[in-house]
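Shown next: entry14.txt, containing compact mmCIF, C-alpha atoms.
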# COMPACT_ATOMS: atom_id res chain seq x y z
CA MET L 979 -35.70 23.80 65.86
CA SER L 980 -34.69 24.72 62.31
CA LEU L 981 -36.70 23.35 59.39
CA ILE L 982 -34.50 22.64 56.36
CA THR L 983 -35.07 21.07 52.96
CA VAL L 984 -31.92 19.91 51.18
CA VAL L 985 -32.07 19.28 47.43
CA GLY L 986 -29.02 17.40 46.23
CA SER L 987 -26.97 14.29 45.65
CA VAL L 988 -26.44 11.01 47.48
CA ASN L 989 -23.33 8.90 46.93
CA ARG L 990 -21.60 5.85 48.24
CA ASP L 991 -18.11 7.06 49.23
CA PHE L 992 -14.98 4.92 48.95
CA VAL L 993 -12.17 6.71 50.78
CA LEU L 994 -8.55 5.57 50.58
CA THR L 995 -5.69 7.21 52.48
CA VAL L 996 -2.18 7.28 50.98
CA GLU L 997 1.13 8.85 51.88
CA ASP L 998 1.22 10.95 48.71
CA LEU L 999 -1.37 11.40 45.97
CA PRO L 1000 -0.40 9.36 42.89
CA HIS L 1001 0.98 11.04 39.79
CA PRO L 1002 -0.39 10.11 36.34
CA GLY L 1003 0.58 6.52 35.56
CA GLU L 1004 1.69 5.83 39.14
CA THR L 1005 0.28 3.14 41.44
CA VAL L 1006 0.43 3.63 45.19
CA LEU L 1007 -0.71 1.46 48.10
CA ALA L 1008 -3.43 2.72 50.41
CA ARG L 1009 -2.78 2.77 54.15
CA HIS L 1010 -6.46 2.72 55.08
CA PHE L 1011 -9.88 2.33 53.49
CA VAL L 1012 -13.37 3.29 54.64
CA GLU L 1013 -16.76 3.13 52.92
CA GLY L 1014 -19.53 5.49 53.90
CA VAL L 1015 -22.45 7.67 52.84
CA GLY L 1016 -21.59 10.80 50.89
CA GLY L 1017 -22.78 13.16 48.19
CA LYS L 1018 -23.14 16.86 48.85
CA GLY L 1019 -26.87 16.65 49.48
CA ALA L 1020 -26.63 13.77 51.96
CA ASN L 1021 -23.60 15.31 53.67
CA GLN L 1022 -25.23 18.69 54.18
CA ALA L 1023 -28.45 17.06 55.37
CA VAL L 1024 -26.60 14.98 57.98
CA ALA L 1025 -24.52 17.97 59.10
CA ALA L 1026 -27.67 20.01 59.80
CA ALA L 1027 -29.51 17.09 61.40
CA ARG L 1028 -26.66 16.43 63.84
CA LEU L 1029 -26.96 20.00 65.03
CA GLY L 1030 -30.64 19.50 65.80
CA SER L 1031 -32.47 20.68 62.67
CA ARG L 1032 -35.44 18.86 61.19
CA VAL L 1033 -34.12 18.00 57.74
CA ARG L 1034 -35.90 16.70 54.65
CA LEU L 1035 -33.75 15.41 51.77
CA VAL L 1036 -34.88 15.56 48.14
CA ALA L 1037 -32.74 13.20 46.04
CA ARG L 1038 -32.54 10.08 43.89
CA VAL L 1039 -30.77 6.81 44.70
CA GLY L 1040 -30.40 3.47 42.97
CA ALA L 1041 -31.75 0.01 43.75
CA ASP L 1042 -28.61 -0.65 45.83
CA ALA L 1043 -29.28 2.09 48.41
CA ALA L 1044 -31.04 0.26 51.26
CA GLY L 1045 -28.06 0.59 53.62
CA ILE L 1046 -27.55 4.23 52.67
CA LEU L 1047 -31.18 5.09 53.35
CA ASP L 1048 -31.04 3.29 56.69
CA ALA L 1049 -27.96 5.34 57.62
CA LEU L 1050 -29.71 8.61 56.72
CA VAL L 1051 -32.78 7.68 58.77
CA ALA L 1052 -30.51 6.81 61.70
CA GLU L 1053 -29.11 10.35 61.48
CA GLY L 1054 -32.61 11.79 61.73
CA VAL L 1055 -32.95 12.78 58.05
CA ASP L 1056 -36.45 12.60 56.54
CA ILE L 1057 -36.12 10.52 53.34
CA GLY L 1058 -39.77 10.73 52.30
CA ALA L 1059 -38.81 12.77 49.22
CA VAL L 1060 -35.90 10.48 48.21
CA ARG L 1061 -36.85 8.54 45.07
CA SER L 1062 -35.41 5.11 44.21
CA ASP L 1063 -34.50 4.42 40.59
CA GLU L 1064 -34.52 0.65 40.05
CA ARG L 1065 -32.70 1.05 36.74
CA ALA L 1066 -29.73 2.93 38.17
CA THR L 1067 -27.06 2.54 40.79
CA THR L 1068 -26.51 5.07 43.55
CA GLY L 1069 -23.81 7.64 42.80
CA ILE L 1070 -20.25 6.64 43.64
CA ALA L 1071 -17.35 8.84 44.80
CA ALA L 1072 -13.78 7.51 44.85
CA VAL L 1073 -11.79 9.69 47.27
CA VAL L 1074 -8.02 9.54 47.75
CA VAL L 1075 -6.58 11.45 50.71
CA ASP L 1076 -2.88 12.09 51.35
CA GLY L 1077 -0.97 12.51 54.59
CA ASP L 1078 -1.63 16.27 54.67
CA GLY L 1079 -5.38 15.85 54.29
CA GLU L 1080 -5.42 16.95 50.65
CA ASN L 1081 -7.63 14.90 48.34
CA THR L 1082 -8.68 14.06 44.83
CA ILE L 1083 -12.23 12.92 44.08
CA VAL L 1084 -13.80 11.20 41.08
CA VAL L 1085 -17.60 10.94 41.03
CA ASN L 1086 -19.91 8.75 38.98
CA PRO L 1087 -23.30 10.51 39.31
CA GLY L 1088 -25.39 7.37 38.90
CA ALA L 1089 -28.98 7.96 40.04
CA ASN L 1090 -28.20 11.60 40.89
CA ALA L 1091 -28.24 12.36 37.16
CA GLY L 1092 -31.86 11.24 37.03
CA LEU L 1093 -33.13 13.72 39.61
CA GLY L 1094 -35.57 15.89 37.69
CA VAL L 1095 -37.71 18.96 38.23
CA GLN L 1096 -40.68 16.60 38.55
CA ASP L 1097 -39.08 15.12 41.68
CA LEU L 1098 -39.24 18.42 43.55
CA PRO L 1099 -42.08 18.61 46.09
CA SER L 1100 -44.74 21.10 45.09
CA ARG L 1101 -44.19 22.74 48.47
CA LEU L 1102 -40.46 23.11 48.94
CA VAL L 1103 -41.16 25.61 51.70
CA ARG L 1104 -43.57 24.13 54.22
CA SER L 1105 -43.59 26.99 56.71
CA GLU L 1106 -42.38 30.58 56.90
CA GLY L 1107 -38.62 30.93 57.21
CA GLU L 1108 -37.74 27.39 56.12
CA ILE L 1109 -34.23 27.07 54.71
CA VAL L 1110 -33.83 25.46 51.30
CA LEU L 1111 -30.25 24.32 50.70
CA VAL L 1112 -29.13 23.37 47.18
CA GLN L 1113 -25.83 22.36 45.53
CA ASN L 1114 -24.57 21.74 41.98
CA GLU L 1115 -24.08 17.95 42.06
CA ILE L 1116 -27.46 17.64 40.34
CA ALA L 1117 -28.75 18.86 36.96
CA PRO L 1118 -28.66 22.65 36.41
CA GLU L 1119 -32.37 22.80 35.60
CA VAL L 1120 -33.19 21.16 38.94
CA VAL L 1121 -30.98 23.61 40.83
CA ASP L 1122 -32.61 26.53 39.04
CA ALA L 1123 -36.14 25.26 39.65
CA ALA L 1124 -35.47 24.55 43.33
CA VAL L 1125 -33.98 27.99 43.94
CA LEU L 1126 -36.75 29.86 42.13
CA ARG L 1127 -39.56 27.78 43.67
CA ALA L 1128 -38.15 28.26 47.16
CA ARG L 1129 -37.91 32.02 46.60
CA GLU L 1130 -41.49 32.19 45.30
CA GLN L 1131 -42.73 30.28 48.35
CA GLY L 1132 -40.97 32.59 50.81
CA GLY L 1133 -38.09 30.37 51.86
CA THR L 1134 -34.54 31.37 52.71
CA VAL L 1135 -32.38 30.05 49.88
CA VAL L 1136 -28.79 28.91 50.43
CA LEU L 1137 -26.91 27.84 47.29
CA ASN L 1138 -23.56 26.04 47.38
CA PRO L 1139 -22.37 26.34 43.73
CA ALA L 1140 -20.18 23.24 43.84
CA PRO L 1141 -18.91 21.88 41.56
CA ALA L 1142 -18.31 25.19 39.81
CA ARG L 1143 -20.40 26.02 36.75
CA PRO L 1144 -22.15 29.15 35.44
CA VAL L 1145 -25.29 30.22 37.32
CA ASP L 1146 -27.98 32.30 35.62
CA THR L 1147 -28.28 35.86 36.94
CA ARG L 1148 -32.01 35.38 37.55
CA VAL L 1149 -31.22 32.40 39.78
CA LEU L 1150 -28.48 34.23 41.67
CA ALA L 1151 -30.90 37.08 42.34
CA ALA L 1152 -33.21 34.60 44.09
CA VAL L 1153 -30.43 33.37 46.42
CA ASP L 1154 -30.23 34.68 49.99
CA VAL L 1155 -26.77 33.28 50.78
CA LEU L 1156 -24.33 32.04 48.14
CA VAL L 1157 -21.61 29.78 49.59
CA PRO L 1158 -18.77 29.03 47.14
CA ASN L 1159 -15.23 28.07 48.06
CA LEU L 1160 -12.43 30.28 46.80
CA GLY L 1161 -12.00 28.43 43.50
CA GLU L 1162 -15.73 28.36 42.81
CA PHE L 1163 -16.02 32.05 43.64
CA ALA L 1164 -13.26 32.92 41.17
CA ALA L 1165 -14.91 30.74 38.52
CA LEU L 1166 -18.25 32.53 38.98
CA LEU L 1167 -16.50 35.85 38.40
CA GLY L 1168 -14.37 34.54 35.52
CA THR L 1169 -11.10 35.49 37.17
CA HIS L 1170 -8.03 33.85 38.68
CA ARG L 1171 -8.14 32.30 42.14
CA PRO L 1172 -6.88 34.74 44.81
CA ALA L 1173 -3.65 33.65 46.48
CA THR L 1174 -4.20 35.27 49.88
CA VAL L 1175 -7.00 36.16 52.26
CA ASP L 1176 -6.42 39.85 51.52
CA GLU L 1177 -6.77 39.22 47.79
CA ALA L 1178 -9.95 37.25 48.43
CA ARG L 1179 -11.40 40.09 50.52
CA ASP L 1180 -10.55 42.59 47.80
CA LEU L 1181 -12.25 40.44 45.17
CA LEU L 1182 -15.31 39.99 47.39
CA GLU L 1183 -15.59 43.73 47.99
CA ARG L 1184 -15.59 44.32 44.23
CA ALA L 1185 -17.95 41.45 43.35
CA ALA L 1186 -21.23 42.46 41.77
CA LEU L 1187 -23.19 39.22 42.11
CA PRO L 1188 -26.93 39.88 42.71
CA CYS L 1189 -27.42 37.49 45.67
CA ARG L 1190 -28.30 38.97 49.07
CA ALA L 1191 -25.13 37.74 50.77
CA LEU L 1192 -21.89 36.03 49.82
CA VAL L 1193 -19.93 33.69 52.09
CA VAL L 1194 -16.66 32.42 50.63
CA THR L 1195 -15.06 29.48 52.40
CA LEU L 1196 -11.26 29.48 52.67
CA GLY L 1197 -10.43 26.07 54.12
CA ALA L 1198 -7.92 26.40 56.95
CA ASP L 1199 -8.25 30.21 56.74
CA GLY L 1200 -11.94 30.14 57.69
CA ALA L 1201 -14.39 32.21 55.64
CA ILE L 1202 -15.14 35.74 54.53
CA LEU L 1203 -18.59 37.22 54.11
CA LYS L 1204 -20.25 40.24 52.60
CA GLU L 1205 -23.90 41.24 52.80
CA ALA L 1206 -25.53 43.12 49.95
CA HIS L 1207 -26.25 46.21 52.03
CA SER L 1208 -22.60 46.46 53.14
CA THR L 1209 -19.50 47.69 51.35
CA THR L 1210 -17.14 45.87 53.72
CA THR L 1211 -16.27 42.25 54.35
CA LEU L 1212 -15.76 40.23 57.52
CA HIS L 1213 -13.08 37.56 57.85
CA VAL L 1214 -13.90 34.72 60.25
CA PRO L 1215 -10.70 32.75 60.97
CA ALA L 1216 -10.76 29.02 61.61
CA PRO L 1217 -9.53 27.43 64.85
CA ALA L 1218 -6.32 25.43 64.63
CA VAL L 1219 -6.99 21.68 64.35
CA ASP L 1220 -5.04 18.58 63.35
CA ALA L 1221 -6.66 18.00 59.96
CA ILE L 1222 -6.84 14.39 58.83
CA ASP L 1223 -9.26 14.63 55.92
CA THR L 1224 -10.94 17.75 54.54
CA VAL L 1225 -13.53 15.77 52.53
CA GLY L 1226 -16.95 16.88 53.75
CA ALA L 1227 -15.70 19.96 55.59
CA GLY L 1228 -17.32 22.30 53.09
CA ASP L 1229 -20.58 20.36 53.29
CA THR L 1230 -20.44 20.53 57.08
CA PHE L 1231 -20.02 24.30 56.78
CA CYS L 1232 -23.14 24.56 54.60
CA GLY L 1233 -25.23 22.33 56.84
CA ALA L 1234 -24.16 24.20 59.97
CA LEU L 1235 -24.79 27.56 58.31
CA ALA L 1236 -28.30 26.49 57.30
CA ASP L 1237 -28.97 25.21 60.82
CA ALA L 1238 -27.88 28.49 62.40
CA LEU L 1239 -29.78 30.68 59.95
CA GLY L 1240 -32.89 28.60 60.49
CA ARG L 1241 -32.67 29.38 64.20
CA GLY L 1242 -32.67 33.10 63.49
CA THR L 1243 -28.95 33.58 64.04
CA GLY L 1244 -27.46 36.61 62.28
CA LEU L 1245 -25.17 35.87 59.35
CA PRO L 1246 -21.82 36.76 61.01
CA ALA L 1247 -22.54 34.52 64.03
CA ALA L 1248 -23.88 31.78 61.76
CA VAL L 1249 -20.67 31.86 59.71
CA GLU L 1250 -18.56 31.69 62.87
CA ARG L 1251 -20.43 28.58 64.01
CA ALA L 1252 -20.17 27.03 60.54
CA VAL L 1253 -16.41 27.62 60.48
CA ARG L 1254 -16.02 25.81 63.80
CA ALA L 1255 -18.19 22.94 62.57
CA ALA L 1256 -16.16 22.57 59.37
CA SER L 1257 -12.90 22.60 61.31
CA HIS L 1258 -14.20 19.83 63.55
CA ALA L 1259 -15.23 17.78 60.51
CA ALA L 1260 -11.67 17.83 59.17
CA THR L 1261 -10.35 15.91 62.18
CA GLY L 1262 -11.65 12.49 61.04
CA LEU L 1263 -11.51 10.28 57.95
CA GLY L 1264 -14.55 10.30 55.66
CA ALA L 1265 -17.15 12.90 54.82
CA GLN L 1266 -19.51 12.33 57.77
CA THR L 1267 -17.36 10.64 60.41
CA SER L 1268 -16.42 13.79 62.33
CA MET L 1269 -19.39 16.02 61.59
CA PRO L 1270 -20.10 17.53 65.01
CA TYR L 1271 -23.18 17.42 67.20
CA ALA L 1272 -24.45 20.61 68.81
CA ALA L 1273 -22.95 19.75 72.21
CA GLN L 1274 -19.50 19.37 70.66
CA LEU L 1275 -19.72 22.79 69.02
CA ASP L 1276 -20.92 24.36 72.25
CA VAL L 1277 -17.90 22.89 74.08
CA SER L 1278 -15.52 24.17 71.41
CA ALA L 1279 -17.06 27.65 71.66
CA VAL L 1280 -16.48 27.73 75.42
CA THR L 1281 -12.92 26.45 75.01
CA SER L 1282 -12.14 29.10 72.39
CA ALA L 1283 -13.40 31.82 74.72
CA LEU L 1284 -11.15 30.77 77.59

Written form, structure tokens:
Amino acid sequence: MSLITVVGSVNRDFVLTVEDLPHPGETVLARHFVEGVGGKGANQAVAAARLGSRVRLVARVGADAAGILDALVAEGVDIGAVRSDERATTGIAAVVVDGDGENTIVVNPGANAGLGVQDLPSRLVRSEGEIVLVQNEIAPEVVDAAVLRAREQGGTVVLNPAPARPVDTRVLAAVDVLVPNLGEFAALLGTHRPATVDEARDLLERAALPCRALVVTLGADGAILKEAHSTTTLHVPAPAVDAIDTVGAGDTFCGALADALGRGTGLPAAVERAVRAASHAATGLGAQTSMPYAAQLDVSAVTSAL
């Protein structure tokens, strides 16, 4: 069983589906509405827990989070390191999804903005080989401290640099696997977003980031990866699915990747499993609704092989 610590955000998600995303100044009527637990930290923690990992979440929530915490516990997530801020509200994400599964998201950080370096457990890595998974929906100094502390303590560090913002070279050098999407990858390199998979592979082959491995997610095109010791890339295509909502698919990818790496799976096979998990997650409305369990991924693997 994998042992994973996730340092990140917790939100209350409000998801509305519409025929077409509204233009500036336009009002449209939603066809459906669902409220659920979100935030990149909570999403990635749940994704890994559903696949069988023992997951501890480090985060901050507001005084209104009782139902959210109950939901996380029900998913098997250890919330012992989640701090409640009685003076704040839990983060809120307003998500609008169109008929093609595309979305726009507005986030009010709420209590997430209060997560500080002092909230990090002194032992982020509790045993050899533990995965520490971090994202950028919290303060930069907390991300940096978590990454560096996990590296010092011998953990395997996975960083999802989302939303995109500059990352210090010293921090990148402490990362085992960096997992940006295509836009975030281009932003890190200060270049334009590649238009095709081939362009993305070319950019990845030329990238000089100091992390030990790079995995760039491509949405419906799967993912590409490059390890530091290699001069070549590997493209892992995604299975064809009827996508309803891509919100949470990237977080599912990160959680599934961490779960697989924690079990000792090699990076190429871990990416393949994460791609299948993310594809599955896109088949339902809401960030966590269709995050798969291990048995569902095992069935999809057998079906793909037939």

Residue nearest L:Asp1229 - candidates L:Ala1025, L:Ala1142, L:Leu981, L:Val1015, atoms counted: only C-alpha atoms: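 Of the candidates, the smallest distance to L:Asp1229 is held by L:Ala1025.
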
Determine the axis-aligned bounding box of all atoms of stretch 1076-1088 of chain L present in the file, pad each side by 4 Å, and express its centre and edge lengths in Å to one decimal place as AutoDock Vina command-line options.
--center_x -13.2 --center_y 12.2 --center_z 46.8 --size_x 32.4 --size_y 17.6 --size_z 23.8

Long-range neighbours of L:Arg1190 as a list in words, 10 Å cut-off, all atoms listed in the file, 3 positions minimum in chain: Val1135, Leu1150, Ala1151, Ala1152, Val1153, Asp1154, Val1155, Leu1156, Leu1187, Lys1204, Glu1205, Ala1206 and His1207 of chain L

What's around stretch 1063-1065 of chain L at 10 Å? Count all atoms listed in the file, leave out sequence neighbours fewer than 2 positions away in its own chain, and write the answer as a list in words.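 The residues satisfying every condition are Arg1038, Val1039, Gly1040, Ala1041, Asp1042, Ala1043, Val1060, Arg1061, Thr1067, Thr1068, Gly1088, Ala1089, Asn1090, Gly1092 and Leu1093 of chain L.
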
Can you work out which one of L:Ser1257, L:Asn1086, L:Thr1147, L:Gln1096 has the shortest atom-to-atom distance to L:Ala1218, counting all atoms listed in the file?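 Among L:Ser1257, L:Asn1086, L:Thr1147, L:Gln1096, it is L:Ser1257 that comes nearest to L:Ala1218.
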
Tell me which of L:Val1225, L:Ala1008, L:Val1085, L:Ile1109 sits closest to L:Thr1267, counting all atoms listed in the file. L:Val1225

Give the answer as one residue: which of L:Val1193, L:Ile1046, L:Ile1070, L:Val1219 has the shortest atom-to-atom distance to L:Asn989, using all atoms listed in the file? L:Ile1070

Closest of L:Glu1108, L:Glu1130, L:Glu997, L:Asp1097 to L:Thr983 - atom-to-atom distances counting all atoms listed in the file: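 Checking each of L:Glu1108, L:Glu1130, L:Glu997, L:Asp1097 against L:Thr983, counting all atoms listed in the file, the winner is L:Glu1108.
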
Can you list, as a PDB file with C-alpha atoms, in the frame of the given file, every protein, DNA or RNA residue that comes within 12 Å of L:Leu1160 when you count all atoms listed in the file, leaving out same-chain residues fewer than 4 positions away?
ATOM      1  CA  ASN L1138     -23.560  26.040  47.380  1.00  0.00           C
ATOM      2  CA  PRO L1139     -22.370  26.340  43.730  1.00  0.00           C
ATOM      3  CA  ALA L1140     -20.180  23.240  43.840  1.00  0.00           C
ATOM      4  CA  PRO L1141     -18.910  21.880  41.560  1.00  0.00           C
ATOM      5  CA  ALA L1142     -18.310  25.190  39.810  1.00  0.00           C
ATOM      6  CA  ALA L1164     -13.260  32.920  41.170  1.00  0.00           C
ATOM      7  CA  ALA L1165     -14.910  30.740  38.520  1.00  0.00           C
ATOM      8  CA  LEU L1166     -18.250  32.530  38.980  1.00  0.00           C
ATOM      9  CA  LEU L1167     -16.500  35.850  38.400  1.00  0.00           C
ATOM     10  CA  THR L1169     -11.100  35.490  37.170  1.00  0.00           C
ATOM     11  CA  HIS L1170      -8.030  33.850  38.680  1.00  0.00           C
ATOM     12  CA  ARG L1171      -8.140  32.300  42.140  1.00  0.00           C
ATOM     13  CA  PRO L1172      -6.880  34.740  44.810  1.00  0.00           C
ATOM     14  CA  ALA L1173      -3.650  33.650  46.480  1.00  0.00           C
ATOM     15  CA  THR L1174      -4.200  35.270  49.880  1.00  0.00           C
ATOM     16  CA  VAL L1175      -7.000  36.160  52.260  1.00  0.00           C
ATOM     17  CA  GLU L1177      -6.770  39.220  47.790  1.00  0.00           C
ATOM     18  CA  ALA L1178      -9.950  37.250  48.430  1.00  0.00           C
ATOM     19  CA  ARG L1179     -11.400  40.090  50.520  1.00  0.00           C
ATOM     20  CA  LEU L1181     -12.250  40.440  45.170  1.00  0.00           C
ATOM     21  CA  LEU L1182     -15.310  39.990  47.390  1.00  0.00           C
ATOM     22  CA  LEU L1192     -21.890  36.030  49.820  1.00  0.00           C
ATOM     23  CA  VAL L1193     -19.930  33.690  52.090  1.00  0.00           C
ATOM     24  CA  VAL L1194     -16.660  32.420  50.630  1.00  0.00           C
ATOM     25  CA  THR L1195     -15.060  29.480  52.400  1.00  0.00           C
ATOM     26  CA  LEU L1196     -11.260  29.480  52.670  1.00  0.00           C
ATOM     27  CA  GLY L1197     -10.430  26.070  54.120  1.00  0.00           C
ATOM     28  CA  ALA L1198      -7.920  26.400  56.950  1.00  0.00           C
ATOM     29  CA  ASP L1199      -8.250  30.210  56.740  1.00  0.00           C
ATOM     30  CA  GLY L1200     -11.940  30.140  57.690  1.00  0.00           C
ATOM     31  CA  ALA L1201     -14.390  32.210  55.640  1.00  0.00           C
ATOM     32  CA  ILE L1202     -15.140  35.740  54.530  1.00  0.00           C
ATOM     33  CA  LEU L1203     -18.590  37.220  54.110  1.00  0.00           C
ATOM     34  CA  GLY L1228     -17.320  22.300  53.090  1.00  0.00           C
TER      35      GLY L1228
END

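Between atom CA of L:Val1121 and atom CA of L:Gly1264 there is a distance of 25.8 Å.
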
What separation in Å, quoted to one decimal, exists between atom CA of L:Ala1236 and atom CA of L:Arg1129?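 According to the coordinates, atom CA of L:Ala1236 and atom CA of L:Arg1129 are separated by 15.4 Å.
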
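Note that atom CA of L:Tyr1271 and atom CA of L:Arg1028 are 4.9 Å apart.
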
Which of these residues is nearest to L:Asp1146, using all atoms listed in the file: L:Cys1189, L:Ile1116, L:Asp1078, L:Ala1227? L:Cys1189

Give me the residues within 8 Å of L:Asp1056 as a ChimeraX atom specification, counting all atoms listed in the file and dropping any in the same chain fewer than 5 places off. /L:1032-1035,1050-1051

Dump of C-alpha atoms for the selected residues, as a PDB file, in the frame of the given file:
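Result went into selection24.pdb, see below:
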ATOM      1  CA  ARG L1032     -35.440  18.860  61.190  1.00  0.00           C
ATOM      2  CA  VAL L1033     -34.120  18.000  57.740  1.00  0.00           C
ATOM      3  CA  ARG L1034     -35.900  16.700  54.650  1.00  0.00           C
ATOM      4  CA  LEU L1035     -33.750  15.410  51.770  1.00  0.00           C
ATOM      5  CA  LEU L1050     -29.710   8.610  56.720  1.00  0.00           C
ATOM      6  CA  VAL L1051     -32.780   7.680  58.770  1.00  0.00           C
TER       7      VAL L1051
END

Residue contacts of L:Pro1000 (10 Å, all atoms listed in the file) excluding same-chain residues fewer than 4 positions away, as number ranges by chain: L: 996, 1004-1007, 1074, 1076, 1082

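Near (-18.1, 47.0, 49.2), the residues inside the 7 Å limit, counting all atoms listed in the file, come to Glu1183, Arg1184, Ser1208, Thr1209 and Thr1210 of chain L.
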
Need a file for stretch 1040-1047 of chain L from that block: all heavy atoms, written as a PDB file, in the first residue's frame.
ATOM      1  N   GLY L1040     -12.173  26.350   6.492  1.00  0.00           N
ATOM      2  CA  GLY L1040     -12.846  27.323   7.328  1.00  0.00           C
ATOM      3  C   GLY L1040     -13.765  26.673   8.347  1.00  0.00           C
ATOM      4  O   GLY L1040     -13.858  25.435   8.444  1.00  0.00           O
ATOM      5  N   ALA L1041     -14.488  27.522   9.083  1.00  0.00           N
ATOM      6  CA  ALA L1041     -15.396  27.033  10.115  1.00  0.00           C
ATOM      7  C   ALA L1041     -16.605  26.320   9.521  1.00  0.00           C
ATOM      8  O   ALA L1041     -17.351  25.653  10.244  1.00  0.00           O
ATOM      9  CB  ALA L1041     -15.861  28.212  10.978  1.00  0.00           C
ATOM     10  N   ASP L1042     -16.795  26.448   8.212  1.00  0.00           N
ATOM     11  CA  ASP L1042     -17.965  25.878   7.528  1.00  0.00           C
ATOM     12  C   ASP L1042     -17.674  24.518   6.904  1.00  0.00           C
ATOM     13  O   ASP L1042     -18.439  24.046   6.057  1.00  0.00           O
ATOM     14  CB  ASP L1042     -18.418  26.844   6.418  1.00  0.00           C
ATOM     15  CG  ASP L1042     -17.302  27.153   5.420  1.00  0.00           C
ATOM     16  OD1 ASP L1042     -16.120  26.928   5.757  1.00  0.00           O
ATOM     17  OD2 ASP L1042     -17.600  27.601   4.310  1.00  0.00           O
ATOM     18  N   ALA L1043     -16.604  23.843   7.303  1.00  0.00           N
ATOM     19  CA  ALA L1043     -16.101  22.689   6.545  1.00  0.00           C
ATOM     20  C   ALA L1043     -16.480  21.334   7.122  1.00  0.00           C
ATOM     21  O   ALA L1043     -15.948  20.315   6.670  1.00  0.00           O
ATOM     22  CB  ALA L1043     -14.585  22.774   6.426  1.00  0.00           C
ATOM     23  N   ALA L1044     -17.406  21.272   8.080  1.00  0.00           N
ATOM     24  CA  ALA L1044     -17.708  19.986   8.720  1.00  0.00           C
ATOM     25  C   ALA L1044     -18.109  18.929   7.697  1.00  0.00           C
ATOM     26  O   ALA L1044     -17.617  17.789   7.719  1.00  0.00           O
ATOM     27  CB  ALA L1044     -18.811  20.169   9.760  1.00  0.00           C
ATOM     28  N   GLY L1045     -19.004  19.276   6.775  1.00  0.00           N
ATOM     29  CA  GLY L1045     -19.441  18.318   5.761  1.00  0.00           C
ATOM     30  C   GLY L1045     -18.326  17.900   4.826  1.00  0.00           C
ATOM     31  O   GLY L1045     -18.245  16.735   4.411  1.00  0.00           O
ATOM     32  N   ILE L1046     -17.451  18.842   4.504  1.00  0.00           N
ATOM     33  CA  ILE L1046     -16.317  18.544   3.621  1.00  0.00           C
ATOM     34  C   ILE L1046     -15.360  17.576   4.310  1.00  0.00           C
ATOM     35  O   ILE L1046     -14.898  16.595   3.702  1.00  0.00           O
ATOM     36  CB  ILE L1046     -15.593  19.843   3.227  1.00  0.00           C
ATOM     37  CG1 ILE L1046     -16.477  20.665   2.289  1.00  0.00           C
ATOM     38  CG2 ILE L1046     -14.239  19.555   2.594  1.00  0.00           C
ATOM     39  CD1 ILE L1046     -15.916  22.022   1.947  1.00  0.00           C
ATOM     40  N   LEU L1047     -15.077  17.817   5.569  1.00  0.00           N
ATOM     41  CA  LEU L1047     -14.174  16.925   6.299  1.00  0.00           C
ATOM     42  C   LEU L1047     -14.772  15.531   6.437  1.00  0.00           C
ATOM     43  O   LEU L1047     -14.064  14.525   6.310  1.00  0.00           O
ATOM     44  CB  LEU L1047     -13.863  17.520   7.674  1.00  0.00           C
ATOM     45  CG  LEU L1047     -13.085  18.846   7.663  1.00  0.00           C
ATOM     46  CD1 LEU L1047     -12.904  19.370   9.076  1.00  0.00           C
ATOM     47  CD2 LEU L1047     -11.746  18.700   6.960  1.00  0.00           C
TER      48      LEU L1047
END
